[in-house]
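**Q** Below is the file protein27.txt, which contains compact mmCIF, C-alpha atoms (C1' of nucleotides).
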# COMPACT_ATOMS: atom_id res chain seq x y z
CA MET A 1 148.75 132.97 86.55
CA ASN A 2 147.01 132.44 89.88
CA TYR A 3 143.56 131.19 90.81
CA TRP A 4 141.42 132.46 93.67
CA LEU A 5 138.08 132.02 95.32
CA MET A 6 136.44 135.27 96.43
CA LYS A 7 133.33 135.40 98.58
CA SER A 8 130.63 138.01 98.38
CA GLU A 9 127.19 138.14 99.88
CA PRO A 10 124.88 138.29 96.88
CA HIS A 11 122.57 140.86 98.44
CA GLU A 12 125.62 143.15 98.70
CA PHE A 13 127.22 142.30 95.37
CA SER A 14 126.33 139.31 93.20
CA ILE A 15 127.53 137.73 89.99
CA ASP A 16 124.54 139.41 88.31
CA ASP A 17 125.74 142.79 89.53
CA LEU A 18 129.17 142.09 88.08
CA MET A 19 127.65 140.87 84.81
CA ARG A 20 125.72 144.12 84.49
CA LYS A 21 128.62 146.38 85.43
CA LYS A 22 131.23 144.31 83.53
CA ARG A 23 133.89 145.39 85.99
CA HIS A 24 133.90 146.46 89.62
CA HIS A 25 136.17 147.20 92.56
CA TRP A 26 136.27 144.62 95.36
CA ASP A 27 135.84 146.91 98.34
CA GLY A 28 135.13 146.15 101.97
CA VAL A 29 137.73 143.49 102.73
CA ARG A 30 138.64 144.06 106.41
CA ASN A 31 140.70 141.01 107.17
CA TYR A 32 144.49 141.21 107.10
CA GLU A 33 145.11 137.89 105.45
CA ALA A 34 142.64 138.56 102.64
CA ARG A 35 144.08 142.06 102.26
CA ASN A 36 147.59 140.69 101.97
CA ILE A 37 146.50 138.27 99.27
CA MET A 38 145.02 141.12 97.24
CA ARG A 39 147.88 143.51 97.87
CA ASP A 40 150.79 141.13 97.41
CA ARG A 41 149.70 138.22 95.27
CA MET A 42 146.87 139.11 92.92
CA LYS A 43 147.90 139.97 89.38
CA VAL A 44 145.99 141.23 86.36
CA GLY A 45 144.63 138.21 84.51
CA ASP A 46 144.34 135.96 87.55
CA LEU A 47 141.13 133.97 87.43
CA VAL A 48 138.59 134.05 90.23
CA ILE A 49 135.72 131.83 91.31
CA PHE A 50 132.97 134.22 92.38
CA TYR A 51 131.40 132.60 95.42
CA HIS A 52 128.04 133.59 96.87
CA SER A 53 128.24 133.39 100.64
CA ASP A 54 125.18 133.57 102.83
CA GLY A 55 123.25 133.00 99.64
CA ASP A 56 120.34 130.80 98.70
CA PRO A 57 122.08 128.52 98.11
CA SER A 58 125.70 129.33 99.02
CA GLY A 59 128.41 128.32 96.56
CA PRO A 60 130.32 129.21 93.39
CA ALA A 61 128.20 131.37 91.09
CA GLY A 62 130.56 132.26 88.26
CA VAL A 63 133.99 133.33 87.10
CA ALA A 64 135.74 136.70 87.15
CA LYS A 65 139.25 137.87 86.48
CA VAL A 66 141.49 140.42 88.09
CA SER A 67 141.50 143.56 85.94
CA ARG A 68 143.45 145.96 88.17
CA GLU A 69 146.05 145.25 90.81
CA ALA A 70 145.77 146.42 94.39
CA TYR A 71 145.11 150.08 95.23
CA PRO A 72 143.71 151.70 98.38
CA ASP A 73 140.11 150.83 99.25
CA PHE A 74 138.54 154.30 99.31
CA THR A 75 135.69 153.18 101.58
CA GLN A 76 138.12 153.31 104.53
CA TRP A 77 138.08 157.12 104.16
CA LYS A 78 134.32 157.53 103.79
CA ARG A 79 132.82 158.44 107.10
CA SER A 80 129.40 157.40 105.89
CA SER A 81 130.54 153.95 104.82
CA LYS A 82 130.12 150.92 107.00
CA TYR A 83 133.69 150.10 105.98
CA PHE A 84 135.03 153.41 107.32
CA ASP A 85 138.23 152.90 109.30
CA PRO A 86 139.98 155.96 110.76
CA ARG A 87 143.21 154.02 111.11
CA GLY A 88 143.63 154.13 107.34
CA THR A 89 144.95 157.48 106.09
CA LYS A 90 145.53 158.78 102.59
CA ARG A 91 149.25 158.71 103.19
CA ASP A 92 149.25 155.33 104.82
CA PRO A 93 146.22 153.31 103.71
CA LEU A 94 145.34 150.25 105.75
CA TRP A 95 142.97 148.49 103.35
CA PHE A 96 143.32 147.62 99.69
CA MET A 97 141.17 146.35 96.88
CA VAL A 98 141.51 145.03 93.35
CA ASP A 99 139.16 145.39 90.37
CA VAL A 100 137.58 142.31 88.87
CA ALA A 101 135.93 141.86 85.47
CA PHE A 102 133.04 139.59 84.60
CA VAL A 103 133.91 136.37 82.75
CA LYS A 104 130.93 134.07 83.10
CA LYS A 105 127.95 133.20 85.19
CA PHE A 106 127.24 129.56 85.99
CA LYS A 107 123.81 128.23 85.00
CA ASN A 108 123.23 127.43 88.65
CA VAL A 109 125.08 128.16 91.84
CA ILE A 110 127.05 125.01 92.66
CA GLU A 111 125.80 123.85 96.01
CA ARG A 112 128.24 123.57 98.82
CA ASP A 113 127.11 120.06 99.71
CA LEU A 114 127.98 118.95 96.19
CA LEU A 115 131.38 120.68 96.29
CA ARG A 116 132.13 118.88 99.52
CA GLU A 117 131.84 115.53 97.80
CA VAL A 118 134.14 116.21 94.86
CA PRO A 119 137.43 114.36 95.45
CA ALA A 120 139.48 116.88 93.44
CA LEU A 121 138.31 119.63 95.80
CA ARG A 122 139.02 117.86 99.04
CA ASN A 123 142.08 119.98 99.85
CA MET A 124 140.68 123.40 99.01
CA PRO A 125 141.76 126.01 101.59
CA LEU A 126 138.12 127.08 101.71
CA TRP A 127 137.26 124.10 103.88
CA LYS A 128 140.00 124.81 106.40
CA ARG A 129 139.46 128.56 106.46
CA PRO A 130 135.72 129.06 106.48
CA ARG A 131 135.99 132.67 107.63
CA LEU A 132 138.54 133.83 105.08
CA SER A 133 136.87 135.66 102.18
CA ILE A 134 139.70 135.16 99.70
CA THR A 135 141.46 131.80 99.38
CA PRO A 136 143.87 130.44 96.77
CA LEU A 137 142.90 127.64 94.44
CA ALA A 138 145.06 125.19 92.54
CA LYS A 139 144.61 125.26 88.77
CA LYS A 140 142.99 121.86 88.88
CA GLU A 141 140.57 122.96 91.58
CA PHE A 142 139.62 126.02 89.56
CA GLU A 143 139.05 123.93 86.45
CA THR A 144 137.03 121.36 88.37
CA ILE A 145 134.70 124.05 89.69
CA VAL A 146 134.30 125.65 86.25
CA LYS A 147 133.47 122.25 84.78
CA LEU A 148 130.81 121.68 87.45
CA GLY A 149 129.38 125.11 86.76
CA THR A 150 129.16 124.82 83.01
CA LYS A 151 127.97 121.29 82.50
C1' DG B 1 153.25 138.23 124.40
C1' DC B 2 149.22 135.93 126.42
C1' DC B 3 144.64 135.13 126.32
C1' DA B 4 139.76 136.41 127.65
C1' DA B 5 136.27 139.03 125.79
C1' DC B 6 134.28 140.66 121.92
C1' DG B 7 132.62 141.00 117.19
C1' DT B 8 131.89 138.97 112.71
C1' DT B 9 131.17 135.42 109.28
C1' DG B 10 128.42 132.41 107.13
C1' DG B 11 125.93 127.87 107.04
C1' DC B 12 121.78 126.33 108.50
C1' DG C 1 117.48 134.64 113.35
C1' DC C 2 120.61 131.43 115.70
C1' DC C 3 124.92 130.27 117.00
C1' DA C 4 129.56 127.82 116.33
C1' DA C 5 133.87 128.93 114.69
C1' DC C 6 137.38 131.90 114.64
C1' DG C 7 139.83 136.45 113.77
C1' DT C 8 140.80 140.73 116.35
C1' DT C 9 141.32 143.75 120.28
C1' DG C 10 143.06 145.32 124.38
C1' DG C 11 144.18 144.80 129.38
C1' DC C 12 147.66 143.00 131.93
Before we go any further, please render this structure as structure tokens.
**A**
Amino acid sequence: MNYWLMKSEPHEFSIDDLMRKKRHHWDGVRNYEARNIMRDRMKVGDLVIFYHSDGDPSGPAGVAKVSREAYPDFTQWKRSSKYFDPRGTKRDPLWFMVDVAFVKKFKNVIERDLLREVPALRNMPLWKRPRLSITPLAKKEFETIVKLGTK
DNA sequence: GCCAACGTTGGC
DNA sequence: GCCAACGTTGGC
């Protein structure tokens, strides 16, 4: 069982959207490292901190879990999509996505400034890799964030 | 294979 | 909306 932090801009796709849909594909990842994490390391049942980036405020907004392992991100083939990428073919897809299912929504988004001050979260990869949209979490880090979100 | 230029992310 | 940080592209 692995733990992850996945960032989404809430005006694109928020924890409320996931709550309403119950389950959704995580399309639009166009970074190789994040792609490799989804393609090679994410397993059904892995737990995810759903993080609102560029939000008001930015920070963890809830919990999701991986409900389908990696498969090709179809938006790479859609000419009308902003994620269209002609380098990805049906035979040899370049980009992948997983499906995630809703688990819970935090009462409030945990503010980034608060997260910064929590000793148990000092070594989160998120701080070192601010541009990476998917980062691993240790079990303890995941549990610490969930505790902050549900108290 | 280096690295400058470019484009994007995301906090503010 | 700005802009620093940083990942990616492409010329050499």
**Q** Could you produce a table of the residues of chain A lying within 10 Å of chain C, with the nearest pair of atoms per residue and their separation in Å rounded to one decimal, using all atoms listed in the file, ordered by chain and increasing residue number, as a tab-separated table?
**A**
residue	atom	partner	partner_atom	distance
A:Asn31	CA	C:DG7	C1'	8.1
A:Tyr32	CA	C:DG7	C1'	9.4
A:Glu33	CA	C:DG7	C1'	10.0
A:Arg129	CA	C:DC6	C1'	9.1
A:Pro130	CA	C:DA5	C1'	8.4
A:Arg131	CA	C:DC6	C1'	7.2
A:Leu132	CA	C:DG7	C1'	9.2
**Q** Could you list, as a ChimeraX atom specification, every residue within 7 Å of stretch 110-119 of chain A, counting all atoms listed in the file and ignoring same-chain residues fewer than 3 positions away?
**A** /A:57-61,122,149
**Q** Report the distance between atom CA of A:Leu5 and atom CA of A:Phe102 in Å, rounded to one decimal place.
**A**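 So the two atoms, atom CA of A:Leu5 and atom CA of A:Phe102, lie 14.1 Å apart.
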**Q** Have a look at atom CA of A:Ser8 and atom CA of A:Ile134 and let me know their distance in Å, one decimal.
**A**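 Separation of atom CA of A:Ser8 and atom CA of A:Ile134: 9.6 Å.
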**Q** Please report the interatomic distance between atom CA of A:Met19 and atom CA of A:Glu141 in Å with one decimal.
**A**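 Separation between atom CA of A:Met19 and atom CA of A:Glu141: 23.1 Å.
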